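The structure appears right after this line, and notes come after that.
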Number of protein chains: 2
Amino acid sequence: MDFVKGLKQKETVDISDILSGEWYGKEVKMKGAVHAIRDMGEFSFIVLRKYDGLVQCVYEENKVSEYSIKNLREGATMEAIGVIAAEERAPNGFEVRLNGIKVLSEPAPDTTMPIPINKWKLKTSLETKLSLRPISLRNVRERAIFKIQEGIVRGFRDFMFSQNFTEIRTPKIVAGNAEGGANVFKLEYFGKKAFLAQSPQFYKQTMVGVFDRVFEAAPVFRAEKHNTTRHLNEYTSLDFEMGYIDGFEDIMAMEAAMLTYTFNLLATEYAKEVKLLGIILPDTTNIPTVRFDEAKQLVSEKYDRKIKNPYDLEPEEEVLIGKYFKEEHNSDFVFVTHYPSKKRPFYAMDDPRDTKFTLSFDLLFKGMEITTGGQRIHSYVEQVNKMVARGMDPSEFANYLMIHKHGMPPHGGLGIGLERLTMKILDEQNVRETTLFPRDVSRLEP
Amino acid sequence: MDFVKGLKQKETVDISDILSGEWYGKEVKMKGAVHAIRDMGEFSFIVLRKYDGLVQCVYEENKVSEYSIKNLREGATMEAIGVIAAEERAPNGFEVRLNGIKVLSEPAPDTTMPIPINKWKLKTSLETKLSLRPISLRNVRERAIFKIQEGIVRGFRDFMFSQNFTEIRTPKIVAGNAEGGANVFKLEYFGKKAFLAQSPQFYKQTMVGVFDRVFEAAPVFRAEKHNTTRHLNEYTSLDFEMGYIDGFEDIMAMEAAMLTYTFNLLATEYAKEVKLLGIILPDTTNIPTVRFDEAKQLVSEKYDRKIKNPYDLEPEEEVLIGKYFKEEHNSDFVFVTHYPSKKRPFYAMDDPRDTKFTLSFDLLFKGMEITTGGQRIHSYVEQVNKMVARGMDPSEFANYLMIHKHGMPPHGGLGIGLERLTMKILDEQNVRETTLFPRDVSRLEP
């Protein structure tokens with residue numbers, strides 16, 4: 001009888017081992033993918049791609065007698081056996097002087113890379129990059145984007161845990177939808193009509209009644225028919241919802257603190273990728289807030305622009321509000337508060353001082369909405385009345401209204417679009433650049 | 001202009017503050033939901049429910065003159081103002097002697113709780129519990145299940161990070177499906193046919209070509225038509241996939257080490273819930289492995305059972321294999337290896353010594369499969385040949401085969417059913433007990 005006893009001792013080294021240990025002058029084994037081969041005449045460079053960076057290996061035929069480099073192809077994976085030597089011009093300041101090569105796998109016969117992934121920056125169109133996503137992501141710069149994205153989610157979660165939020169997992173197949181409207185995917189569910197969740201709204205509110213503070217980082221689905229540079233049909237929503245708030249200002253404060261924490265995490269744990277991508281991390285310690293109606297007024301005056309619709313923000317207005325607060329307050333962020341009631345969902349709490357507006361906010365980052373949040377109605381009577389006033393039938397929402405009926409604390413929360421936040425951090429122009437496998441009206445693969 | 005400057009100083013205390021600070025004899029403010037009210041004659045107990053436990057408050061009418069307890073109802077939320085005093089018989093060893101009550105919200109008029117959530121254990125049917133999920137989860141024992149589940153996911157992720165895995169987020173709306181078969185949900189996607197992902201298989205393999213080691217904890221969807229105690233139509237899959245393996249044994253070792261880490265995390269960070277639910281955490285430092293065909297033979301001999309189908313494991317056989325290894329090796333876990341090729345998907349690597357079997361495994365926990373994993377084919381030619389031999393058309397899988405074509409390291413991985421793992425840790429009999437909002441053939445709400 002054999003037994004599995006956990007991890008065995010590692011026989012190979014990674015870049016981080018070399019950088020932190022005393023390996024110089026010693027022979028190591030290291031595995032990686034053949035990222036580039038460069039014939040230098042007397043010798044060749046084999047650049048290995050590993051999860052934590054690139055490694056320069058030096059191949060001299062007389063030293064590696066049993067393997068001819070002529071047989072080696074980009075895309076193969078191999079084990080390099082060699083001695084570590086300092087080399088300033090190599091990535092990470094060292095190289096491996098090869099004594100042996102063991103090929104672990106090979107690409108298909110008679111193929112070449114469809115794009116030059118070993119170039120520093122892929123100079124192909126977004127369209128091509130996305131069509132070849134499984135390969136284009138092997139470019140070191142492309143993949144670094146998704147380490148940054150990993151870091152954002154980690155920062156979000158770690159901060160939420162530190163603030164006593166509980167992580168939840170809510171269903172994505174649902175019977176009804178929180179955000180209303182037509183942009184919802186339908187599916188057949190054993191003869192019943194079902195939908196893909198546009199947001200975890202009902203469920204996260206429900207769970208505030210259970211754990212006081214909850215969060216979730218999970219996919220949401222919007223059947224938007226328009227193909228823009230900032231919309232996706234499936235994206236990751238970073239959601240939190242918190243009870244016992246004094247007002248929606250508590251939610252904005254929590255988000256600001258979370259962003260500060262997350263950007264610090266990126267600056268430290270993801271310093272390599274921050275540097276590689278040339279990211280300038282924004283300051284979030286002092287975010288201005290402005291009322292929706294005031295913001296429209298300010299922008300209209302400063303940029304000499306007519307207000308067309310007092311109850312809605314056009315994308316161009318968002319851009320100008322961002323510009324205004326950058327120019328006037330040197331801030332990349334601005335909270336726009338008190339959105340009109342008619343533009344917010346039925347669960348939004350109206351401002352008792354003026355019920356045409358809600359106790360809600362958006363967070364704009366470099367002129368684009370990355371968060372929508374606000375206080376929710378907790379009173380059963382108030383919620384039912386608002387539904388009726390909107391022509392909704394409360395009996396269709398009995399499962400949701402159960403929480404109000406049996407008592408909910410004052411509460412609110414928000415949702416952050418992960419891919420958009422990543423896009424703006426990176427100053428990218430299209431949200432597909434910061435989505436592993438984007439889904440849009442015309443794109444369902446890869 | 002107002003600015004958001006991060007979190008403000010907290011004015012209220014939580015249970016953890018009391019337990020770690022010097023609050024005895026001092027007046028505090030504490031917020032929570034009215035979980036129970038008990039009239040003791042001279043005085044009353046108000047039990048507050050907070051995310052971190054229950055708090056006993058003592059109400060005496062002459063001390064809280066401005067608020068009559070007759071108006072207080074279960075399900076209301078309130079701020080308690082009072083002095084902390086040691087009290088052995090109270091939860092957590094203290095009580096709050098009230099000087100004031102501020103009601104924050106109230107349940108709907110003329111309602112009562114549909115189930116006695118303040119009882120220690122809900123003695124209602126599973127059916128009732130699920131129908132009233134938003135309320136039944138407010139029971140302290142019920143919600144503790146989902147803190148344990150949070151802990152499992154945290155343990156999984158933290159361990160993966162420690163082993164240099166990268167977290168990925170793969171699409172749930174897909175054009176084709178990895179696991180095949182009929183149990184797939186279809187949806188309309190802008191005139192095209194699309195599916196809900198049965199697993200992140202193709203994408204996680206793809207990302208091994210990018211980051212060497214990847215993981216994801218996300219929903220998967222299976223349109224299983226049978227309503228059993230162990231199937232869900234939407235569940236959370238803990239997936240990892242790792243490159244540069246020497247064999248599928250590396251994957252089993254990684255899983256065993258992950259489970260050990262996670263159970264240690266539960267024992268420390270979730271000690272309160274472990275105790276509350278009476279969980280006995282299993283030992284995973286020494287997990288026996290047995291070949292599929294041997295396991296069938298052992299069970300057939302020991303329990304005098306005829307082998308009906310040599311190429312499949314029936315659920316009863318899984319139970320008996322679990323029983324066998326508990327009796328013979330005192331292990332709750334057993335890795336069953338070398339599943340027949342015809343029962344495994346097309347991407348599974350066959351055993352070169354006997355291609356009727358695969359280099360794969362299941363992990364059984366207390367007689368139930370909680371993990372399926374194995375080594376995958378990395379050679380393009382081998383993968384195409386296996387597809388053709390199965391009557392599949394490789395051209396339909398061009399996006400997937402791109403990774404093999406341009407080179408993949410030897411790799412493999414696994415998927416763990418989160419709800420099933422939680423169920424077996426808790427010795428529950430139905431996987432719906434350990435799912436926040438289960439989806440099955442007849443259940444789409446709440």
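Naming scheme: A, B, ... for chains in displayed order of the structure tokens; residues 1 onward per chain; ligands 1 onward as shown.
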Quiz prompt | Members of stretch 122-337 of chain B assigned alpha helix (DSSP H) by DSSP, as a ChimeraX atom specification | solution = /B:126-131,133-136,140-162,201-211,249-269,271-276,292-302,315-329
For stretch 3-20 of chain A, work out the shell of residues within 8 Å, counting only C-alpha atoms and skipping chain neighbours fewer than 3 positions away, then give it as a PDB file with C-alpha atoms, in the first residue's frame.
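part-v4.pdb was written with the following content:
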ATOM      1  CA  TRP A  23      23.411  29.666  -5.598  1.00  0.00           C
ATOM      2  CA  TYR A  24      26.091  31.593  -7.448  1.00  0.00           C
ATOM      3  CA  VAL A  28      21.146  23.872 -10.382  1.00  0.00           C
ATOM      4  CA  LYS A  29      18.246  22.338 -12.230  1.00  0.00           C
ATOM      5  CA  MET A  30      15.596  24.691 -13.512  1.00  0.00           C
ATOM      6  CA  LYS A  31      12.492  24.034 -15.600  1.00  0.00           C
ATOM      7  CA  LYS A  50       8.989  30.831 -15.922  1.00  0.00           C
ATOM      8  CA  ASP A  52       8.327  34.488 -12.047  1.00  0.00           C
ATOM      9  CA  GLY A  53      10.238  35.895 -14.993  1.00  0.00           C
ATOM     10  CA  VAL A  55      16.047  33.291 -17.300  1.00  0.00           C
ATOM     11  CA  ASN A  92      17.389  39.440 -12.794  1.00  0.00           C
TER      12      ASN A  92
ATOM     13  CA  ASP B 250       2.598  15.405  -7.775  1.00  0.00           C
ATOM     14  CA  MET B 252      -2.152  14.172  -5.251  1.00  0.00           C
ATOM     15  CA  ALA B 253       0.721  15.355  -3.057  1.00  0.00           C
ATOM     16  CA  MET B 254      -0.279  18.982  -3.656  1.00  0.00           C
ATOM     17  CA  GLU B 255      -3.881  18.243  -2.746  1.00  0.00           C
ATOM     18  CA  ALA B 256      -2.931  16.359   0.415  1.00  0.00           C
ATOM     19  CA  ALA B 257      -0.690  19.239   1.519  1.00  0.00           C
ATOM     20  CA  THR B 284      -4.616  14.060   5.950  1.00  0.00           C
ATOM     21  CA  THR B 285      -0.919  13.534   6.575  1.00  0.00           C
ATOM     22  CA  ASN B 286      -0.972   9.953   5.347  1.00  0.00           C
ATOM     23  CA  ILE B 287      -3.565   9.195   2.675  1.00  0.00           C
ATOM     24  CA  PRO B 288      -3.600   5.665   1.226  1.00  0.00           C
ATOM     25  CA  THR B 289      -3.723   5.192  -2.537  1.00  0.00           C
TER      26      THR B 289
END
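Using only C-alpha atoms, the shortest contact distance between chain A and any of B:Gln205, B:Thr128, B:Ser395, B:Ser65 is found at B:Gln205.
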Quiz item: Hey, what does DSSP flag as strand (DSSP E) within stretch 150-360 of chain B? Can you give it to me as a PyMOL selection string?
Solution: chain B and resi 166-167+173-174+186-189+192-196+213-221+234-243+287-291+333-337+350-351+354-358+360
Taking C-alpha atoms for each residue, export the selection above as an mmCIF file, in the first residue's frame.
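Saved result, again.cif, follows:
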data_model
loop_
_atom_site.group_PDB
_atom_site.id
_atom_site.type_symbol
_atom_site.label_atom_id
_atom_site.label_comp_id
_atom_site.auth_asym_id
_atom_site.auth_seq_id
_atom_site.Cartn_x
_atom_site.Cartn_y
_atom_site.Cartn_z
ATOM 1 C CA THR B 166 -1.568 32.400 -9.875
ATOM 2 C CA GLU B 167 -5.272 33.072 -9.365
ATOM 3 C CA ILE B 173 -20.274 31.610 -20.839
ATOM 4 C CA VAL B 174 -18.510 29.348 -23.323
ATOM 5 C CA LYS B 186 -27.701 26.189 -23.092
ATOM 6 C CA LEU B 187 -28.375 29.869 -23.547
ATOM 7 C CA GLU B 188 -29.017 32.275 -26.378
ATOM 8 C CA TYR B 189 -26.022 34.535 -26.923
ATOM 9 C CA LYS B 192 -25.352 32.186 -31.275
ATOM 10 C CA LYS B 193 -25.623 29.042 -29.200
ATOM 11 C CA ALA B 194 -23.654 29.233 -25.977
ATOM 12 C CA PHE B 195 -23.272 27.110 -22.860
ATOM 13 C CA LEU B 196 -22.591 27.545 -19.184
ATOM 14 C CA ARG B 213 0.588 26.970 -11.967
ATOM 15 C CA VAL B 214 -2.923 28.395 -11.690
ATOM 16 C CA PHE B 215 -6.038 28.073 -9.580
ATOM 17 C CA GLU B 216 -9.606 29.275 -9.519
ATOM 18 C CA ALA B 217 -12.485 29.054 -7.043
ATOM 19 C CA ALA B 218 -15.646 29.768 -9.016
ATOM 20 C CA PRO B 219 -19.109 28.504 -9.932
ATOM 21 C CA VAL B 220 -19.628 25.680 -12.435
ATOM 22 C CA PHE B 221 -22.909 24.506 -13.911
ATOM 23 C CA GLU B 234 -24.627 24.981 -9.703
ATOM 24 C CA TYR B 235 -21.705 24.485 -7.363
ATOM 25 C CA THR B 236 -18.348 25.919 -6.482
ATOM 26 C CA SER B 237 -15.359 24.158 -7.940
ATOM 27 C CA LEU B 238 -11.926 24.587 -6.387
ATOM 28 C CA ASP B 239 -9.669 24.017 -9.358
ATOM 29 C CA PHE B 240 -5.952 23.958 -9.752
ATOM 30 C CA GLU B 241 -3.692 23.007 -12.625
ATOM 31 C CA MET B 242 0.093 22.728 -12.504
ATOM 32 C CA GLY B 243 2.840 22.401 -15.069
ATOM 33 C CA ILE B 287 -3.565 9.195 2.675
ATOM 34 C CA PRO B 288 -3.600 5.665 1.226
ATOM 35 C CA THR B 289 -3.723 5.192 -2.537
ATOM 36 C CA VAL B 290 -5.158 2.234 -4.360
ATOM 37 C CA ARG B 291 -5.611 1.417 -8.017
ATOM 38 C CA PHE B 333 -9.497 9.611 2.782
ATOM 39 C CA VAL B 334 -8.340 7.360 -0.021
ATOM 40 C CA PHE B 335 -6.954 8.195 -3.444
ATOM 41 C CA VAL B 336 -8.327 5.805 -6.076
ATOM 42 C CA THR B 337 -5.979 5.900 -9.084
ATOM 43 C CA ASP B 350 -3.535 7.213 -20.760
ATOM 44 C CA ASP B 351 -1.135 5.064 -18.800
ATOM 45 C CA ASP B 354 -1.723 -0.084 -20.106
ATOM 46 C CA THR B 355 -3.737 2.367 -22.175
ATOM 47 C CA LYS B 356 -7.038 0.952 -20.944
ATOM 48 C CA PHE B 357 -6.341 3.001 -17.820
ATOM 49 C CA THR B 358 -5.462 6.668 -17.249
ATOM 50 C CA SER B 360 -5.770 9.915 -13.047
#
Quiz item: Any idea what's packed within 6 Å of stretch 431-446 of chain A, counting only C-alpha atoms, ignoring anything in its chain fewer than 3 positions away? Could you give it as JSON, numbers by chain?
Solution: {"A": [229, 230, 232, 233, 234, 419, 420, 423], "B": [175, 399]}
Quiz item: What is the atom CA of B:Ile321-atom CA of B:Lys296 distance in Å, reported with one decimal?
Solution: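 Rounded to one decimal, the two atoms are 7.8 Å apart.
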Self-check item: Selected residue, from B:Ile280, B:Ala90, B:Ala295, B:Cys57, that lies nearest to chain A when counting only C-alpha atoms
Solution: B:Ala295
